[in-house]
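Containing TSV, C-alpha atoms and all ligand atoms: protein-v4.tsv.
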chain	number	residue	atom	x	y	z
D	2	MET	CA	100.94	5.35	-37.67
D	3	SER	CA	100.94	1.64	-37.02
D	4	LYS	CA	101.13	1.92	-33.21
D	5	SER	CA	98.36	3.41	-31.18
D	6	TYR	CA	98.88	5.69	-28.22
D	7	SER	CA	96.50	6.72	-25.44
D	8	THR	CA	97.81	10.21	-24.68
D	9	ILE	CA	99.17	11.44	-28.00
D	10	THR	CA	98.03	11.40	-31.61
D	11	LEU	CA	99.98	11.61	-34.85
D	12	GLU	CA	98.68	12.77	-38.20
D	13	THR	CA	100.83	13.14	-41.29
D	14	ASP	CA	99.87	15.14	-44.38
D	15	GLU	CA	100.75	14.43	-48.01
D	16	LYS	CA	103.97	16.47	-47.75
D	17	GLY	CA	105.22	14.45	-44.82
D	18	ILE	CA	104.49	17.11	-42.21
D	19	ALA	CA	103.49	15.28	-39.05
D	20	THR	CA	101.38	16.83	-36.31
D	21	VAL	CA	101.96	15.39	-32.85
D	22	THR	CA	99.19	16.30	-30.40
D	23	ILE	CA	99.53	15.86	-26.63
D	24	ASN	CA	96.03	14.74	-25.80
D	25	ARG	CA	95.02	15.12	-22.12
D	26	PRO	CA	92.93	18.28	-22.40
D	27	LYS	CA	91.06	17.74	-19.10
D	28	LYS	CA	94.41	17.95	-17.27
D	29	LEU	CA	95.64	20.72	-19.57
D	30	ASN	CA	97.88	18.14	-21.30
D	31	ALA	CA	100.09	17.77	-18.20
D	32	LEU	CA	103.00	15.42	-18.79
D	33	ASN	CA	102.51	12.26	-16.78
D	34	ASP	CA	104.76	9.23	-17.12
D	35	ASN	CA	102.53	7.75	-19.78
D	36	VAL	CA	102.75	10.86	-22.01
D	37	LEU	CA	106.53	10.93	-21.62
D	38	ASN	CA	106.88	7.24	-22.50
D	39	GLU	CA	104.64	7.63	-25.52
D	40	LEU	CA	106.48	10.76	-26.67
D	41	ALA	CA	109.77	8.88	-26.46
D	42	ASP	CA	108.40	5.97	-28.43
D	43	LEU	CA	106.83	8.22	-31.03
D	44	PHE	CA	109.95	10.30	-31.63
D	45	LYS	CA	112.00	7.14	-32.08
D	46	VAL	CA	109.53	6.13	-34.79
D	47	ILE	CA	109.55	9.61	-36.33
D	48	GLN	CA	113.32	9.67	-36.58
D	49	VAL	CA	113.39	6.63	-38.87
D	50	ASP	CA	110.06	7.03	-40.69
D	51	GLU	CA	110.92	8.04	-44.23
D	52	ASP	CA	107.39	9.33	-44.82
D	53	ILE	CA	107.86	12.03	-42.18
D	54	ASN	CA	109.91	15.11	-43.13
D	55	ALA	CA	109.02	17.62	-40.44
D	56	ILE	CA	107.01	17.83	-37.23
D	57	THR	CA	104.62	20.20	-35.45
D	58	VAL	CA	104.05	19.55	-31.74
D	59	LYS	CA	100.87	20.95	-30.18
D	60	GLY	CA	98.51	20.43	-27.24
D	61	ALA	CA	94.88	19.37	-27.55
D	62	GLY	CA	92.30	22.13	-27.04
D	63	ASP	CA	92.71	25.90	-26.93
D	64	LYS	CA	93.58	26.33	-23.30
D	65	ALA	CA	97.00	24.74	-23.00
D	66	PHE	CA	99.98	23.52	-24.95
D	67	VAL	CA	101.13	21.65	-21.82
D	68	ALA	CA	100.56	22.96	-18.26
D	69	GLY	CA	103.64	21.22	-16.90
D	70	ALA	CA	104.74	17.92	-15.51
D	71	ASP	CA	101.94	16.12	-13.69
D	72	ILE	CA	102.11	17.60	-10.19
D	73	LYS	CA	100.40	14.54	-8.68
D	74	GLU	CA	103.22	12.27	-9.83
D	75	LEU	CA	105.91	14.68	-8.62
D	76	ARG	CA	104.85	14.14	-5.03
D	77	GLU	CA	105.90	10.51	-5.07
D	78	LEU	CA	109.56	11.23	-5.85
D	79	ASP	CA	112.53	11.07	-3.47
D	80	ASP	CA	116.14	12.10	-4.14
D	81	ARG	CA	117.06	9.02	-6.18
D	82	SER	CA	113.80	8.61	-8.08
D	83	GLY	CA	113.61	12.39	-8.64
D	84	ARG	CA	117.09	12.43	-10.17
D	85	MET	CA	116.21	9.43	-12.33
D	86	ALA	CA	112.90	10.99	-13.40
D	87	SER	CA	114.68	14.19	-14.32
D	88	GLN	CA	117.28	12.27	-16.34
D	89	LYS	CA	114.55	10.29	-18.06
D	90	GLY	CA	112.66	13.47	-19.02
D	91	GLN	CA	115.90	15.12	-20.14
D	92	GLN	CA	116.69	12.14	-22.38
D	93	ILE	CA	113.24	12.22	-23.97
D	94	PHE	CA	113.46	15.95	-24.63
D	95	GLN	CA	116.98	15.43	-25.94
D	96	LEU	CA	115.58	12.86	-28.34
D	97	ILE	CA	113.21	15.53	-29.66
D	98	GLU	CA	116.02	18.08	-29.98
D	99	ASP	CA	118.21	15.47	-31.67
D	100	THR	CA	115.61	14.83	-34.38
D	101	ARG	CA	117.31	15.75	-37.64
D	102	LYS	CA	114.02	16.86	-39.17
D	103	PRO	CA	112.70	20.30	-38.23
D	104	VAL	CA	110.43	20.27	-35.16
D	105	ILE	CA	108.22	23.27	-34.36
D	106	ALA	CA	106.17	23.76	-31.19
D	107	ALA	CA	102.84	25.43	-31.98
D	108	VAL	CA	101.93	26.87	-28.58
D	109	ASN	CA	98.31	27.65	-27.80
D	110	GLY	CA	97.62	28.75	-24.23
D	111	TYR	CA	99.73	27.65	-21.27
D	112	ALA	CA	103.25	26.31	-21.72
D	113	LEU	CA	104.35	26.05	-18.11
D	114	GLY	CA	107.12	24.10	-16.43
D	115	GLY	CA	107.64	20.86	-18.34
D	116	GLY	CA	105.44	22.35	-21.09
D	117	ALA	CA	107.77	25.30	-21.60
D	118	GLU	CA	110.67	22.83	-21.46
D	119	LEU	CA	109.04	20.70	-24.14
D	120	ALA	CA	108.53	23.77	-26.35
D	121	MET	CA	112.19	24.71	-25.82
D	122	ALA	CA	113.33	21.23	-26.84
D	123	CYS	CA	111.67	21.79	-30.21
D	124	HIS	CA	113.85	23.57	-32.78
D	125	LEU	CA	111.48	26.51	-33.30
D	126	ARG	CA	108.43	27.90	-31.49
D	127	ILE	CA	105.36	29.66	-32.84
D	128	ALA	CA	103.10	31.16	-30.18
D	129	GLY	CA	99.37	31.63	-30.44
D	130	GLU	CA	98.17	35.06	-29.32
D	131	ASN	CA	96.96	33.52	-26.03
D	132	ALA	CA	100.23	31.70	-25.31
D	133	VAL	CA	101.69	31.99	-21.81
D	134	PHE	CA	105.18	30.73	-20.97
D	135	GLY	CA	106.68	30.23	-17.54
D	136	LEU	CA	108.86	28.05	-15.35
D	137	PRO	CA	106.89	28.10	-12.05
D	138	GLU	CA	108.79	25.22	-10.40
D	139	VAL	CA	110.30	27.34	-7.59
D	140	GLY	CA	106.73	27.99	-6.43
D	141	LEU	CA	106.41	24.24	-5.91
D	142	GLY	CA	109.73	24.08	-4.07
D	143	LEU	CA	111.45	22.63	-7.15
D	144	ILE	CA	113.60	23.69	-10.09
D	145	PRO	CA	112.99	22.96	-13.77
D	146	GLY	CA	114.10	19.37	-14.29
D	147	TYR	CA	113.63	18.65	-17.97
D	148	GLY	CA	116.42	20.83	-19.33
D	149	GLY	CA	114.85	24.23	-18.66
D	150	THR	CA	117.81	25.53	-16.65
D	151	GLN	CA	120.00	24.82	-19.68
D	152	ARG	CA	117.82	25.66	-22.68
D	153	LEU	CA	116.22	28.89	-21.43
D	154	PRO	CA	119.56	30.70	-20.89
D	155	SER	CA	120.78	29.55	-24.28
D	156	LEU	CA	117.63	30.95	-25.90
D	157	ILE	CA	117.16	34.28	-24.11
D	158	GLY	CA	120.42	34.87	-22.21
D	159	ARG	CA	121.38	34.06	-18.63
D	160	ALA	CA	120.06	37.18	-16.89
D	161	ARG	CA	116.59	37.05	-18.38
D	162	ALA	CA	116.41	33.29	-17.95
D	163	LEU	CA	117.42	33.54	-14.32
D	164	GLU	CA	114.77	36.20	-13.73
D	165	MET	CA	112.09	33.94	-15.21
D	166	ILE	CA	113.30	30.88	-13.28
D	167	LEU	CA	113.75	32.67	-9.92
D	168	THR	CA	110.43	34.53	-10.02
D	169	GLY	CA	108.43	31.87	-11.85
D	170	LYS	CA	106.81	34.76	-13.70
D	171	GLN	CA	104.60	34.13	-16.70
D	172	VAL	CA	105.37	35.72	-20.03
D	173	LYS	CA	102.72	36.33	-22.68
D	174	ALA	CA	103.19	35.79	-26.40
D	175	LYS	CA	104.34	39.31	-27.33
D	176	GLU	CA	106.93	39.44	-24.56
D	177	ALA	CA	108.09	35.94	-25.45
D	178	LEU	CA	108.70	37.21	-28.98
D	179	GLN	CA	110.67	40.21	-27.71
D	180	LEU	CA	112.75	37.93	-25.49
D	181	GLY	CA	113.55	35.61	-28.39
D	182	LEU	CA	111.79	32.72	-26.71
D	183	VAL	CA	109.51	32.29	-29.73
D	184	ASN	CA	110.12	32.88	-33.42
D	185	GLU	CA	106.70	34.23	-34.29
D	186	VAL	CA	103.28	35.05	-32.86
D	187	SER	CA	100.30	33.96	-34.92
D	188	ALA	CA	96.52	33.82	-34.54
D	189	THR	CA	96.76	30.32	-36.01
D	190	PRO	CA	100.02	28.81	-34.74
D	191	VAL	CA	99.47	25.30	-36.11
D	192	GLU	CA	98.84	26.62	-39.62
D	193	ALA	CA	101.76	29.04	-39.29
D	194	SER	CA	103.96	26.14	-38.25
D	195	LYS	CA	102.95	24.11	-41.28
D	196	GLU	CA	103.59	27.08	-43.55
D	197	LEU	CA	107.06	27.58	-42.08
D	198	LEU	CA	107.81	23.87	-42.37
D	199	ASN	CA	106.66	23.90	-46.00
D	200	ASN	CA	109.10	26.75	-46.68
D	201	ILE	CA	111.92	24.90	-44.93
D	202	LEU	CA	111.19	21.71	-46.88
D	203	LYS	CA	111.73	23.49	-50.20
D	204	ASN	CA	115.45	23.38	-49.38
D	205	GLY	CA	117.93	20.54	-49.64
D	206	PRO	CA	117.00	17.76	-47.18
D	207	ILE	CA	120.59	16.85	-46.36
D	208	ALA	CA	121.45	20.52	-45.87
D	209	ILE	CA	118.52	20.89	-43.47
D	210	ARG	CA	119.61	17.84	-41.50
D	211	ASN	CA	123.20	19.00	-41.27
D	212	ALA	CA	122.24	22.59	-40.43
D	213	ILE	CA	120.26	21.41	-37.39
D	214	LYS	CA	123.16	19.19	-36.35
D	215	ALA	CA	125.71	22.00	-36.75
D	216	VAL	CA	123.65	24.59	-34.87
D	217	TYR	CA	123.28	22.32	-31.84
D	218	HIS	CA	126.83	21.02	-31.92
D	219	SER	CA	128.25	23.76	-29.72
D	220	ASP	CA	125.91	22.99	-26.79
D	221	HIS	CA	127.71	21.36	-23.90
D	222	HIS	CA	125.74	19.03	-21.74
D	223	SER	CA	127.34	18.82	-18.27
D	224	GLY	CA	124.71	21.22	-16.90
D	225	TYR	CA	121.98	18.64	-17.42
D	226	GLN	CA	123.57	16.30	-14.87
D	227	VAL	CA	123.74	19.11	-12.32
D	228	GLU	CA	120.09	19.94	-13.00
D	229	ALA	CA	119.04	16.32	-12.41
D	230	ASP	CA	121.06	16.02	-9.17
D	231	LEU	CA	119.63	19.23	-7.74
D	232	PHE	CA	116.11	18.31	-8.84
D	233	GLY	CA	116.46	14.98	-7.02
D	234	GLN	CA	117.65	16.70	-3.81
D	235	LEU	CA	114.64	19.01	-3.86
D	236	CYS	CA	112.20	16.11	-4.19
D	237	GLU	CA	112.97	15.11	-0.59
D	238	THR	CA	112.43	18.55	0.94
D	239	GLU	CA	109.41	19.53	3.03
D	240	ASP	CA	109.12	22.59	0.80
D	241	CYS	CA	108.50	20.42	-2.25
D	242	MET	CA	105.79	18.46	-0.44
D	243	GLU	CA	104.23	21.75	0.72
D	244	GLY	CA	104.43	23.38	-2.74
D	245	THR	CA	102.84	20.45	-4.56
D	246	SER	CA	100.21	19.91	-1.79
D	247	ALA	CA	99.27	23.58	-1.96
D	248	PHE	CA	98.69	23.35	-5.72
D	249	LEU	CA	96.51	20.27	-5.41
D	250	GLU	CA	94.58	21.73	-2.47
D	251	LYS	CA	94.19	25.04	-4.37
D	252	ARG	CA	95.85	27.20	-1.67
D	253	LYS	CA	99.03	29.28	-1.27
D	254	PRO	CA	102.15	27.40	-0.10
D	255	GLU	CA	103.91	28.19	3.18
D	256	PHE	CA	107.58	27.39	2.69
D	257	LYS	CA	109.88	26.79	5.66
D	258	GLY	CA	113.19	26.36	3.87
D	259	LYS	CA	113.45	22.72	4.98
D	301	LIG	N1	99.68	18.64	-13.24
D	301	LIG	C1	98.55	17.98	-12.95
D	301	LIG	N2	97.33	18.48	-13.14
D	301	LIG	C2	97.24	19.70	-13.67
D	301	LIG	C3	98.38	20.48	-14.01
D	301	LIG	C4	99.67	19.89	-13.79
D	301	LIG	N3	100.79	20.51	-14.09
D	301	LIG	N4	97.97	21.66	-14.50
D	301	LIG	C5	96.62	21.62	-14.47
D	301	LIG	N5	96.19	20.46	-13.98
D	301	LIG	C6	94.81	20.03	-13.78
D	301	LIG	C7	94.18	20.75	-12.60
D	301	LIG	O1	94.52	20.09	-11.37
D	301	LIG	C8	92.72	20.59	-12.96
D	301	LIG	O2	92.30	19.29	-12.66
D	301	LIG	P1	90.87	18.99	-11.93
D	301	LIG	O3	90.92	19.77	-10.65
D	301	LIG	O4	89.86	19.54	-12.93
D	301	LIG	O5	90.85	17.51	-11.77
D	301	LIG	C9	92.71	20.73	-14.48
D	301	LIG	O6	94.03	20.42	-14.91
D	301	LIG	C10	92.37	22.13	-14.96
D	301	LIG	O7	93.24	23.03	-14.32
D	301	LIG	P2	92.73	24.30	-13.48
D	301	LIG	O8	91.37	24.05	-12.91
D	301	LIG	O9	93.81	24.67	-12.53
D	301	LIG	O10	92.60	25.39	-14.67
D	301	LIG	P3	92.71	26.96	-14.54
D	301	LIG	O11	92.27	27.52	-15.85
D	301	LIG	O12	92.03	27.46	-13.30
D	301	LIG	O13	94.25	27.27	-14.36
D	301	LIG	C11	96.62	26.96	-14.82
D	301	LIG	C12	95.15	26.95	-15.39
D	301	LIG	C13	97.54	26.47	-15.95
D	301	LIG	C14	97.00	28.39	-14.45
D	301	LIG	C15	96.68	26.04	-13.58
D	301	LIG	O14	96.11	24.77	-13.92
D	301	LIG	C16	98.06	25.82	-13.09
D	301	LIG	O15	98.63	26.68	-12.40
D	301	LIG	N6	98.59	24.62	-13.37
D	301	LIG	C17	99.87	24.19	-12.87
D	301	LIG	C18	100.93	24.91	-13.57
D	301	LIG	C19	102.28	24.51	-13.06
D	301	LIG	O16	102.67	24.83	-11.92
D	301	LIG	N7	102.95	23.79	-13.90
D	301	LIG	C20	104.31	23.53	-13.70
D	301	LIG	C21	104.43	22.34	-12.90
D	301	LIG	S1	106.11	22.15	-12.48
D	301	LIG	C22	110.46	16.50	-13.29
D	301	LIG	C23	111.16	17.42	-13.98
D	301	LIG	C24	110.60	18.59	-14.35
D	301	LIG	C25	109.37	18.93	-13.94
D	301	LIG	C26	108.68	18.01	-13.25
D	301	LIG	C27	109.19	16.82	-12.95
D	301	LIG	N8	110.99	15.31	-12.90
D	301	LIG	C28	112.33	15.13	-12.68
D	301	LIG	C29	110.05	14.26	-12.50
D	301	LIG	C30	108.74	20.14	-14.24
D	301	LIG	C31	107.89	20.57	-13.31
D	301	LIG	C32	106.74	21.28	-13.72
D	301	LIG	O17	106.28	21.23	-14.81
As structure tokens, the full file:
Amino acid sequence: MSKSYSTITLETDEKGIATVTINRPKKLNALNDNVLNELADLFKVIQVDEDINAITVKGAGDKAFVAGADIKELRELDDRSGRMASQKGQQIFQLIEDTRKPVIAAVNGYALGGGAELAMACHLRIAGENAVFGLPEVGLGLIPGYGGTQRLPSLIGRARALEMILTGKQVKAKEALQLGLVNEVSATPVEASKELLNNILKNGPIAIRNAIKAVYHSDHHSGYQVEADLFGQLCETEDCMEGTSAFLEKRKPEFKGK
């Protein structure tokens, strides 16, 4: 990697399998603006780098893949900036999904909110035995804003997705496998991801590229705009301020529906 990043690292092995690590372990790899910008830049590089054939995305440390968007930054958003932030995140995650090289999320520990959304933007997901998935945004007075309202239903069906989104409940690795949210559970998800990518790379490279393109072709994208608009509206509510304050002050929120 010629560029250097402060919140992510990239390592590539001799077979061209790159490992992208989100590296803010003290904040459980929460996605602040810096991480998002660096992810965008890195995936643009990955898409054209002929030495990279496939990608594993993981979080630093054992505790979390990514524990969500950075809740501190969320508090500064209003309707307009919230909508724009949602669109920006959606575009970055779309860039990951649009990568025509296989991308696997190796999920150790928490994949919550934006972290679950990042995992869902990857083509495949392998969960560690301690993985925990959830979209807890409603508990902050928000909705998922990085494509979660669109990708979760397409992965596990509308009813189950709605239950997860409306309750904010957390789902452990085994249940995530039963739901179809992950492809596999492994004691060593990063190694399992590399093994799966090695198997995939034995096949025709153009066929792999076109298969990814064909599989995603049927997705329609108008829902993303609705998600961003509604996310923006919520950023100006008292409930959102209360939900995010409560998290930072380590107490339960008291929502008023305002
Ligand atoms: N943001 C910022 N800091 C976080 C964080 C997050 N999402 N998650 C954890 N941290 C920080 C904690 O504040 C703590 O920092 P210090 O107090 O040490 O400075 C440190 O990481 C360690 O966390 P804990 O002390 O809480 O660790 P525990 O083991 O006790 O608990 C936990 C682990 C994962 C259960 C807990 O940290 C937790 O509940 N975290 C928040 C999970 C969450 O609600 N995540 C979803 C956020 S909502 C957007 C579009 C979409 C979204 C956002 C924006 N735009 C349009 C802008 C998506 C929203 C979300 O992701």
(request) Extract, using all atoms listed in the file, all DNA, RNA and protein residues at most 10 Å from Asn24 in chain D, discarding same-chain residues fewer than 5 positions from it, and format them as a ChimeraX atom specification. (result) /D:6-10,29-32,36,59-62,66-67
Mind listing the residues within 6 Å of ligand LIG 301 (chain D), only C-alpha atoms and all ligand atoms counted, as a PDB file with C-alpha atoms, in the coordinates of the input?
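Generated file (part20.pdb):
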ATOM      1  CA  LYS D  27      91.060  17.740 -19.100  1.00  0.00           C
ATOM      2  CA  LYS D  28      94.410  17.950 -17.270  1.00  0.00           C
ATOM      3  CA  LEU D  29      95.640  20.720 -19.570  1.00  0.00           C
ATOM      4  CA  ALA D  31     100.090  17.770 -18.200  1.00  0.00           C
ATOM      5  CA  ALA D  68     100.560  22.960 -18.260  1.00  0.00           C
ATOM      6  CA  GLY D  69     103.640  21.220 -16.900  1.00  0.00           C
ATOM      7  CA  ALA D  70     104.740  17.920 -15.510  1.00  0.00           C
ATOM      8  CA  ASP D  71     101.940  16.120 -13.690  1.00  0.00           C
ATOM      9  CA  ILE D  72     102.110  17.600 -10.190  1.00  0.00           C
ATOM     10  CA  LYS D  73     100.400  14.540  -8.680  1.00  0.00           C
ATOM     11  CA  LEU D  75     105.910  14.680  -8.620  1.00  0.00           C
ATOM     12  CA  GLY D  83     113.610  12.390  -8.640  1.00  0.00           C
ATOM     13  CA  ALA D  86     112.900  10.990 -13.400  1.00  0.00           C
ATOM     14  CA  SER D  87     114.680  14.190 -14.320  1.00  0.00           C
ATOM     15  CA  TYR D 111      99.730  27.650 -21.270  1.00  0.00           C
ATOM     16  CA  LEU D 113     104.350  26.050 -18.110  1.00  0.00           C
ATOM     17  CA  GLY D 114     107.120  24.100 -16.430  1.00  0.00           C
ATOM     18  CA  GLY D 115     107.640  20.860 -18.340  1.00  0.00           C
ATOM     19  CA  PRO D 137     106.890  28.100 -12.050  1.00  0.00           C
ATOM     20  CA  GLU D 138     108.790  25.220 -10.400  1.00  0.00           C
ATOM     21  CA  PRO D 145     112.990  22.960 -13.770  1.00  0.00           C
ATOM     22  CA  GLY D 146     114.100  19.370 -14.290  1.00  0.00           C
ATOM     23  CA  TYR D 147     113.630  18.650 -17.970  1.00  0.00           C
TER      24      TYR D 147
END
Which residues, written as a PDB file with C-alpha atoms, keeping the file's coordinate frame, have at least one atom at most 8 Å from Gly140 in chain D, with all atoms listed in the file counted and residues fewer than 3 positions away on the same chain left out?
ATOM      1  CA  PRO D 137     106.890  28.100 -12.050  1.00  0.00           C
ATOM      2  CA  LEU D 143     111.450  22.630  -7.150  1.00  0.00           C
ATOM      3  CA  GLY D 169     108.430  31.870 -11.850  1.00  0.00           C
ATOM      4  CA  GLY D 244     104.430  23.380  -2.740  1.00  0.00           C
ATOM      5  CA  PRO D 254     102.150  27.400  -0.100  1.00  0.00           C
TER       6      PRO D 254
END
(request) Could you pull out every residue with an atom within 10 Å of (120.4, 11.5, -13.5), file coordinates, counting all atoms listed in the file, and send them as JSON, numbers by chain? (result) {"D": [81, 82, 83, 84, 85, 86, 87, 88, 89, 90, 91, 92, 225, 226, 227, 228, 229, 230, 231, 232, 233]}
(request) For range 171-180 of chain D, work out the shell of residues within 6 Å, counting all atoms listed in the file and skipping chain neighbours fewer than 4 positions away, then give it as a list in words. (result) Ala128, Glu130, Ala132, Val133, Phe134, Gly135 and Ile157 of chain D
(request) Considering all atoms listed in the file, state which residue in the set D:Thr100, D:Thr189, D:Thr13, D:Ser155 is at the smallest distance from Lys214 in chain D. (result)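 With all atoms listed in the file as the atom set, the closest residue is D:Thr100.
Considering all atoms listed in the file, the residue among D:Lys102, D:Val191, D:Lys64, D:Thr150 positioned nearest to Ile207 in chain D is D:Lys102.
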(message) Which residues are close to Phe256 in chain D, i.e. within 12 Å by all atoms listed in the file, leaving aside same-chain residues fewer than 6 positions away? Reply as JSON, numbers by chain.
(response) {"D": [139, 140, 141, 142, 143, 238, 239, 240, 241, 242, 243, 244, 245, 246, 247]}
Since we have the selection now, will you write its residues out, keeping C-alpha atoms, as a JSON list (two decimals), in the frame of the given file?
[["chain", "number", "residue", "atom", "x", "y", "z"],
["D", 139, "VAL", "CA", 110.30, 27.34, -7.59],
["D", 140, "GLY", "CA", 106.73, 27.99, -6.43],
["D", 141, "LEU", "CA", 106.41, 24.24, -5.91],
["D", 142, "GLY", "CA", 109.73, 24.08, -4.07],
["D", 143, "LEU", "CA", 111.45, 22.63, -7.15],
["D", 238, "THR", "CA", 112.43, 18.55, 0.94],
["D", 239, "GLU", "CA", 109.41, 19.53, 3.03],
["D", 240, "ASP", "CA", 109.12, 22.59, 0.80],
["D", 241, "CYS", "CA", 108.50, 20.42, -2.25],
["D", 242, "MET", "CA", 105.79, 18.46, -0.44],
["D", 243, "GLU", "CA", 104.23, 21.75, 0.72],
["D", 244, "GLY", "CA", 104.43, 23.38, -2.74],
["D", 245, "THR", "CA", 102.84, 20.45, -4.56],
["D", 246, "SER", "CA", 100.21, 19.91, -1.79],
["D", 247, "ALA", "CA", 99.27, 23.58, -1.96]]
(message) Applying 12 Å and all atoms listed in the file, which residues near Ile105 in chain D remain after dropping the ones on its own chain fewer than 3 positions away? List them as a PyMOL selection string.
(response) chain D and resi 18-21+55-59+97-98+100+102+108+119-128+183-185+190-199+201
Around all listed atoms of range 65-81 of chain D, padded 5 Å per side, what centre and edge lengths does the axis-aligned box have in Å to one decimal, as lines of an AutoDock Vina configuration file?
center_x = 107.0
center_y = 16.9
center_z = -14.2
size_x = 30.1
size_y = 25.7
size_z = 31.5
(message) Could you check the closest approach to Pro103 in chain D for each of D:Ala162, D:Leu202, D:Leu11, D:Leu37 and tell me which residue wins, using only C-alpha atoms?
(response)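 Result for the nearest residue to Pro103 in chain D: D:Leu202.
Taking CA of Ile23 in chain D as the reference point, CA of Lys170 in chain D is found at 24.0 Å.
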(message) Between CA of Asp14 in chain D and CA of Glu118 in chain D, what is the distance in Å, rounded to a tenth?
(response)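 It comes out at 26.5 Å.
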Since the input lacks some atoms of range 31-44 of chain D, please model N, CA, C and O atoms and print them as a PDB file, in the frame of the given file.
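For reference, selection25.pdb as written:
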ATOM      1  N   ALA D  31      98.938  17.950 -19.099  1.00  0.00           N
ATOM      2  CA  ALA D  31     100.090  17.770 -18.200  1.00  0.00           C
ATOM      3  C   ALA D  31     100.825  16.477 -18.537  1.00  0.00           C
ATOM      4  O   ALA D  31     100.225  15.466 -18.909  1.00  0.00           O
ATOM      5  N   LEU D  32     102.140  16.537 -18.377  1.00  0.00           N
ATOM      6  CA  LEU D  32     103.000  15.420 -18.790  1.00  0.00           C
ATOM      7  C   LEU D  32     103.105  14.399 -17.673  1.00  0.00           C
ATOM      8  O   LEU D  32     103.911  14.568 -16.756  1.00  0.00           O
ATOM      9  N   ASN D  33     102.298  13.352 -17.730  1.00  0.00           N
ATOM     10  CA  ASN D  33     102.510  12.260 -16.780  1.00  0.00           C
ATOM     11  C   ASN D  33     103.471  11.238 -17.411  1.00  0.00           C
ATOM     12  O   ASN D  33     103.937  11.420 -18.541  1.00  0.00           O
ATOM     13  N   ASP D  34     103.765  10.201 -16.657  1.00  0.00           N
ATOM     14  CA  ASP D  34     104.760   9.230 -17.120  1.00  0.00           C
ATOM     15  C   ASP D  34     104.337   8.592 -18.450  1.00  0.00           C
ATOM     16  O   ASP D  34     105.169   8.355 -19.330  1.00  0.00           O
ATOM     17  N   ASN D  35     103.045   8.358 -18.568  1.00  0.00           N
ATOM     18  CA  ASN D  35     102.530   7.750 -19.780  1.00  0.00           C
ATOM     19  C   ASN D  35     102.787   8.623 -21.013  1.00  0.00           C
ATOM     20  O   ASN D  35     103.246   8.150 -22.063  1.00  0.00           O
ATOM     21  N   VAL D  36     102.508   9.934 -20.887  1.00  0.00           N
ATOM     22  CA  VAL D  36     102.750  10.860 -22.010  1.00  0.00           C
ATOM     23  C   VAL D  36     104.235  10.837 -22.368  1.00  0.00           C
ATOM     24  O   VAL D  36     104.607  10.751 -23.546  1.00  0.00           O
ATOM     25  N   LEU D  37     105.086  10.887 -21.341  1.00  0.00           N
ATOM     26  CA  LEU D  37     106.530  10.930 -21.620  1.00  0.00           C
ATOM     27  C   LEU D  37     106.984   9.657 -22.336  1.00  0.00           C
ATOM     28  O   LEU D  37     107.738   9.723 -23.315  1.00  0.00           O
ATOM     29  N   ASN D  38     106.493   8.500 -21.854  1.00  0.00           N
ATOM     30  CA  ASN D  38     106.880   7.240 -22.500  1.00  0.00           C
ATOM     31  C   ASN D  38     106.407   7.199 -23.945  1.00  0.00           C
ATOM     32  O   ASN D  38     107.134   6.767 -24.851  1.00  0.00           O
ATOM     33  N   GLU D  39     105.177   7.671 -24.164  1.00  0.00           N
ATOM     34  CA  GLU D  39     104.640   7.630 -25.520  1.00  0.00           C
ATOM     35  C   GLU D  39     105.360   8.626 -26.437  1.00  0.00           C
ATOM     36  O   GLU D  39     105.611   8.331 -27.609  1.00  0.00           O
ATOM     37  N   LEU D  40     105.721   9.786 -25.862  1.00  0.00           N
ATOM     38  CA  LEU D  40     106.480  10.760 -26.670  1.00  0.00           C
ATOM     39  C   LEU D  40     107.815  10.169 -27.105  1.00  0.00           C
ATOM     40  O   LEU D  40     108.248  10.325 -28.253  1.00  0.00           O
ATOM     41  N   ALA D  41     108.468   9.487 -26.155  1.00  0.00           N
ATOM     42  CA  ALA D  41     109.770   8.880 -26.460  1.00  0.00           C
ATOM     43  C   ALA D  41     109.616   7.861 -27.577  1.00  0.00           C
ATOM     44  O   ALA D  41     110.371   7.862 -28.563  1.00  0.00           O
ATOM     45  N   ASP D  42     108.618   7.006 -27.423  1.00  0.00           N
ATOM     46  CA  ASP D  42     108.400   5.970 -28.430  1.00  0.00           C
ATOM     47  C   ASP D  42     108.100   6.597 -29.794  1.00  0.00           C
ATOM     48  O   ASP D  42     108.664   6.207 -30.814  1.00  0.00           O
ATOM     49  N   LEU D  43     107.236   7.590 -29.772  1.00  0.00           N
ATOM     50  CA  LEU D  43     106.830   8.220 -31.030  1.00  0.00           C
ATOM     51  C   LEU D  43     108.006   8.900 -31.731  1.00  0.00           C
ATOM     52  O   LEU D  43     108.180   8.773 -32.945  1.00  0.00           O
ATOM     53  N   PHE D  44     108.822   9.617 -30.961  1.00  0.00           N
ATOM     54  CA  PHE D  44     109.950  10.300 -31.630  1.00  0.00           C
ATOM     55  C   PHE D  44     110.995   9.324 -32.150  1.00  0.00           C
ATOM     56  O   PHE D  44     111.663   9.605 -33.144  1.00  0.00           O
TER      57      PHE D  44
END
